[in-house]
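Trainee: Below is the file query_12.cif, which contains mmCIF, C-alpha atoms.
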```cif
data_run
#
loop_
_atom_site.label_atom_id
_atom_site.label_comp_id
_atom_site.auth_asym_id
_atom_site.auth_seq_id
_atom_site.Cartn_x
_atom_site.Cartn_y
_atom_site.Cartn_z
CA MET M 1 91.09 144.47 152.15
CA LEU M 2 89.33 144.40 155.53
CA ARG M 3 86.03 145.27 153.88
CA GLN M 4 86.39 142.30 151.53
CA VAL M 5 87.29 139.93 154.38
CA THR M 6 84.23 140.94 156.43
CA ARG M 7 82.01 140.54 153.36
CA THR M 8 83.20 136.93 152.99
CA GLY M 9 81.61 136.07 156.34
CA LEU M 10 78.25 137.27 155.05
CA ASP M 11 78.47 135.58 151.66
CA GLN M 12 79.05 132.09 153.01
CA ARG M 13 76.16 131.61 155.46
CA PRO M 14 72.81 133.12 156.42
CA VAL M 15 72.98 136.71 157.62
CA LEU M 16 71.75 136.76 161.20
CA PRO M 17 70.84 140.18 162.60
CA HIS M 18 73.07 139.93 165.66
CA SER M 19 75.89 137.76 164.36
CA ALA M 20 79.54 138.62 164.83
CA ALA M 21 79.99 138.57 161.04
CA LEU M 22 77.29 141.20 160.47
CA ASN M 23 78.53 143.31 163.36
CA ALA M 24 82.10 143.30 162.00
CA TYR M 25 80.87 144.06 158.50
CA LEU M 26 78.75 147.03 159.56
CA MET M 27 81.47 148.46 161.80
CA THR M 28 84.06 148.14 159.02
CA HIS M 29 81.85 149.80 156.40
CA LEU M 30 80.14 152.51 158.42
CA ALA M 31 81.82 153.39 161.73
CA ASP M 32 84.53 155.71 160.42
CA GLU M 33 82.62 157.62 157.77
CA ALA M 34 82.55 161.40 158.22
CA ASP M 35 79.10 161.71 156.63
CA GLU M 36 76.04 159.57 157.18
CA HIS M 37 75.91 156.54 154.88
CA VAL M 38 72.87 154.30 154.45
CA ARG M 39 73.50 150.65 153.52
CA ILE M 40 70.78 148.17 152.58
CA LEU M 41 71.27 144.41 152.75
CA TYR M 42 68.82 142.43 150.61
CA LEU M 43 68.31 138.83 151.71
CA THR M 44 66.57 135.66 150.57
CA ALA M 45 63.81 134.03 152.64
CA GLY M 46 66.58 131.87 154.14
CA SER M 47 68.55 135.00 155.12
CA ARG M 48 71.26 134.57 152.47
CA LEU M 49 72.77 137.78 151.16
CA ILE M 50 71.58 138.73 147.67
CA ALA M 51 73.03 142.23 147.58
CA ASP M 52 74.56 144.81 149.88
CA GLU M 53 74.31 148.31 148.52
CA LEU M 54 75.23 151.81 149.52
CA HIS M 55 71.84 153.48 149.32
CA GLY M 56 72.98 157.02 149.93
CA ILE M 57 75.57 159.40 151.34
CA GLY M 58 74.41 162.51 153.14
CA THR M 59 75.85 165.09 155.47
CA PRO M 60 77.33 164.67 158.96
CA THR M 61 73.80 164.85 160.40
CA SER M 62 71.46 163.32 157.83
CA ALA M 63 71.33 160.90 154.92
CA PRO M 64 68.98 160.31 152.00
CA PHE M 65 66.54 157.47 152.53
CA SER M 66 64.16 156.62 149.70
CA ILE M 67 61.49 154.14 150.68
CA ARG M 68 60.34 153.82 147.09
CA THR M 69 63.86 153.04 145.83
CA ILE M 70 64.52 150.48 148.57
CA ALA M 71 61.19 148.72 147.95
CA ALA M 72 61.69 148.73 144.18
CA ARG M 73 65.20 147.33 144.51
CA ALA M 74 63.99 144.62 146.92
CA LEU M 75 61.45 143.54 144.31
CA GLU M 76 64.05 143.72 141.53
CA VAL M 77 66.51 141.43 143.33
CA ARG M 78 63.66 139.23 144.63
CA ALA M 79 64.55 139.86 148.27
CA MET M 80 62.27 138.55 150.99
CA LYS M 81 64.10 140.33 153.83
CA VAL M 82 65.88 143.64 154.23
CA ILE M 83 68.33 145.01 156.78
CA VAL M 84 68.95 148.77 156.97
CA ALA M 85 72.08 150.24 158.55
CA HIS M 86 73.35 153.76 158.75
CA ASN M 87 76.02 155.55 160.73
CA HIS M 88 75.88 158.52 163.07
CA PRO M 89 79.23 160.31 162.78
CA SER M 90 78.28 162.30 165.90
CA GLY M 91 78.54 159.12 167.96
CA THR M 92 74.91 159.26 169.10
CA ARG M 93 73.52 155.75 169.34
CA GLU M 94 69.85 156.73 169.40
CA PHE M 95 67.28 156.84 166.65
CA SER M 96 66.38 160.39 165.66
CA ARG M 97 62.76 161.27 164.99
CA ALA M 98 63.57 161.23 161.25
CA ASP M 99 65.17 157.76 161.59
CA ILE M 100 62.07 156.50 163.37
CA ALA M 101 59.62 157.99 160.87
CA GLN M 102 61.54 156.71 157.85
CA THR M 103 61.97 153.23 159.28
CA LEU M 104 58.32 152.92 160.23
CA ALA M 105 57.31 154.02 156.74
CA LEU M 106 59.76 151.54 155.16
CA ASP M 107 58.50 148.75 157.42
CA HIS M 108 54.90 149.41 156.34
CA ALA M 109 55.80 149.66 152.63
CA LEU M 110 57.84 146.45 152.66
CA ASP M 111 55.21 144.62 154.70
CA ALA M 112 52.62 145.48 152.06
CA LEU M 113 54.89 143.76 149.51
CA GLY M 114 55.43 140.67 151.64
CA ILE M 115 59.01 141.65 152.49
CA GLU M 116 60.29 141.65 156.06
CA LEU M 117 62.29 144.53 157.49
CA VAL M 118 64.54 142.44 159.73
CA ASP M 119 66.19 145.31 161.59
CA HIS M 120 67.58 148.81 161.39
CA PHE M 121 71.02 149.45 162.87
CA ILE M 122 72.72 152.70 163.81
CA VAL M 123 76.51 152.37 163.74
CA THR M 124 79.03 154.61 165.51
CA ARG M 125 82.74 154.29 166.25
CA SER M 126 81.92 152.97 169.72
CA GLY M 127 79.38 150.38 168.61
CA PHE M 128 75.87 150.14 167.28
CA VAL M 129 72.25 149.91 168.30
CA SER M 130 69.46 147.81 166.84
CA ALA M 131 65.77 148.70 166.73
CA CYS M 132 64.87 145.10 167.55
CA ALA M 133 67.37 144.79 170.41
CA ALA M 134 66.08 148.02 171.93
CA LYS M 135 62.61 146.53 171.90
CA ARG M 136 63.74 143.26 173.48
CA GLN M 137 65.53 145.15 176.26
CA ARG M 138 62.22 146.75 177.15
CA GLY M 139 60.83 143.32 177.98
CA ARG M 140 58.96 142.34 174.84
CA SER M 141 60.02 139.17 173.08
CA THR M 142 58.75 139.60 169.51
CA PRO M 143 61.45 141.35 167.43
CA GLN M 144 59.33 143.49 165.11
CA VAL M 145 60.86 146.73 163.93
CA ALA M 146 57.75 148.92 163.78
CA PRO M 147 56.64 148.47 167.43
CA ALA M 148 60.20 148.95 168.65
CA LEU M 149 60.49 152.24 166.82
CA ALA M 150 57.03 153.32 167.87
CA MET M 151 58.10 152.87 171.46
CA ALA M 152 61.22 154.95 170.80
CA ALA M 153 59.11 157.67 169.21
CA ALA M 154 56.88 157.81 172.27
CA ARG M 155 59.84 158.75 174.50
#
```
For this file, write the structure as structure tokens.
Mentor:
Amino acid sequence: MLRQVTRTGLDQRPVLPHSAALNAYLMTHLADEADEHVRILYLTAGSRLIADELHGIGTPTSAPFSIRTIAARALEVRAMKVIVAHNHPSGTREFSRADIAQTLALDHALDALGIELVDHFIVTRSGFVSACAAKRQRGRSTPQVAPALAMAAAR
């Protein structure tokens, strides 16, 4: 029931990357999973939700992430924006090297198709972290996913 209630907040207005509605939705759907789950939100140019899909379920330490499948589905549903979210059952709120590599590759693939990767969130029981927010905290104002992750990879 709670999952349906949090979805209602996303269906009725534009999905903003750092809105309370999106935060509640991601926490409800991902925070308590024992294995990593990857969810993809496909949005219109006006940030309205077209589809929210469970992309894959993995193990406690990794999850499947198919750039080709995500890009193809974005084209199929005519999405202009995409949000990626996955959980870390370990509680670690940092992007792993695999998370960074996959997100950079997805950002490049979607960009080539004219689709914006709005953000990538990691969700844990204690909260979540955003690639774009991490970049803004480092003093840069433009919220682009690829540079934020590139900075994280350089650490």
Trainee: For CA of Asp52 in chain M and CA of Ser90 in chain M, quote the distance in Å rounded to one decimal.
Mentor: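 Taking CA of Asp52 in chain M as the start and CA of Ser90 in chain M as the end point, the length is 24.0 Å.
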Trainee: Just the number, please: distance in Å from CA of Asp32 in chain M to CA of His86 in chain M, one decimal.
Mentor: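 These two atoms are separated by 11.5 Å.
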Trainee: Within 10 Å of (71.3, 158.7, 155.1), all atoms listed in the file: residues as a short mmCIF file (atom, residue, chain, number, x, y, z; two decimals) with C-alpha atoms, in the frame of the given file?
Mentor:
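The resulting file, point.cif, is shown below:
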```
data_model
loop_
_atom_site.label_atom_id
_atom_site.label_comp_id
_atom_site.auth_asym_id
_atom_site.auth_seq_id
_atom_site.Cartn_x
_atom_site.Cartn_y
_atom_site.Cartn_z
CA ASP M 35 79.10 161.71 156.63
CA GLU M 36 76.04 159.57 157.18
CA HIS M 37 75.91 156.54 154.88
CA VAL M 38 72.87 154.30 154.45
CA ARG M 39 73.50 150.65 153.52
CA LEU M 54 75.23 151.81 149.52
CA HIS M 55 71.84 153.48 149.32
CA GLY M 56 72.98 157.02 149.93
CA ILE M 57 75.57 159.40 151.34
CA GLY M 58 74.41 162.51 153.14
CA THR M 59 75.85 165.09 155.47
CA PRO M 60 77.33 164.67 158.96
CA THR M 61 73.80 164.85 160.40
CA SER M 62 71.46 163.32 157.83
CA ALA M 63 71.33 160.90 154.92
CA PRO M 64 68.98 160.31 152.00
CA PHE M 65 66.54 157.47 152.53
CA SER M 66 64.16 156.62 149.70
CA ALA M 85 72.08 150.24 158.55
CA HIS M 86 73.35 153.76 158.75
CA ASN M 87 76.02 155.55 160.73
CA HIS M 88 75.88 158.52 163.07
CA ASP M 99 65.17 157.76 161.59
#
```
Trainee: Just so the selection is clear, what residues does the PyMOL selection byres ((chain M and resi 93) around 7) cover here, as number ranges by chain?
Mentor: M: 91-92, 94-95, 122, 124, 128-129
Trainee: Rounded to one decimal in Å, what is the spacing between CA of Leu41 in chain M and CA of His18 in chain M?
Mentor: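 Straight-line distance from CA of Leu41 in chain M to CA of His18 in chain M works out to 13.8 Å.
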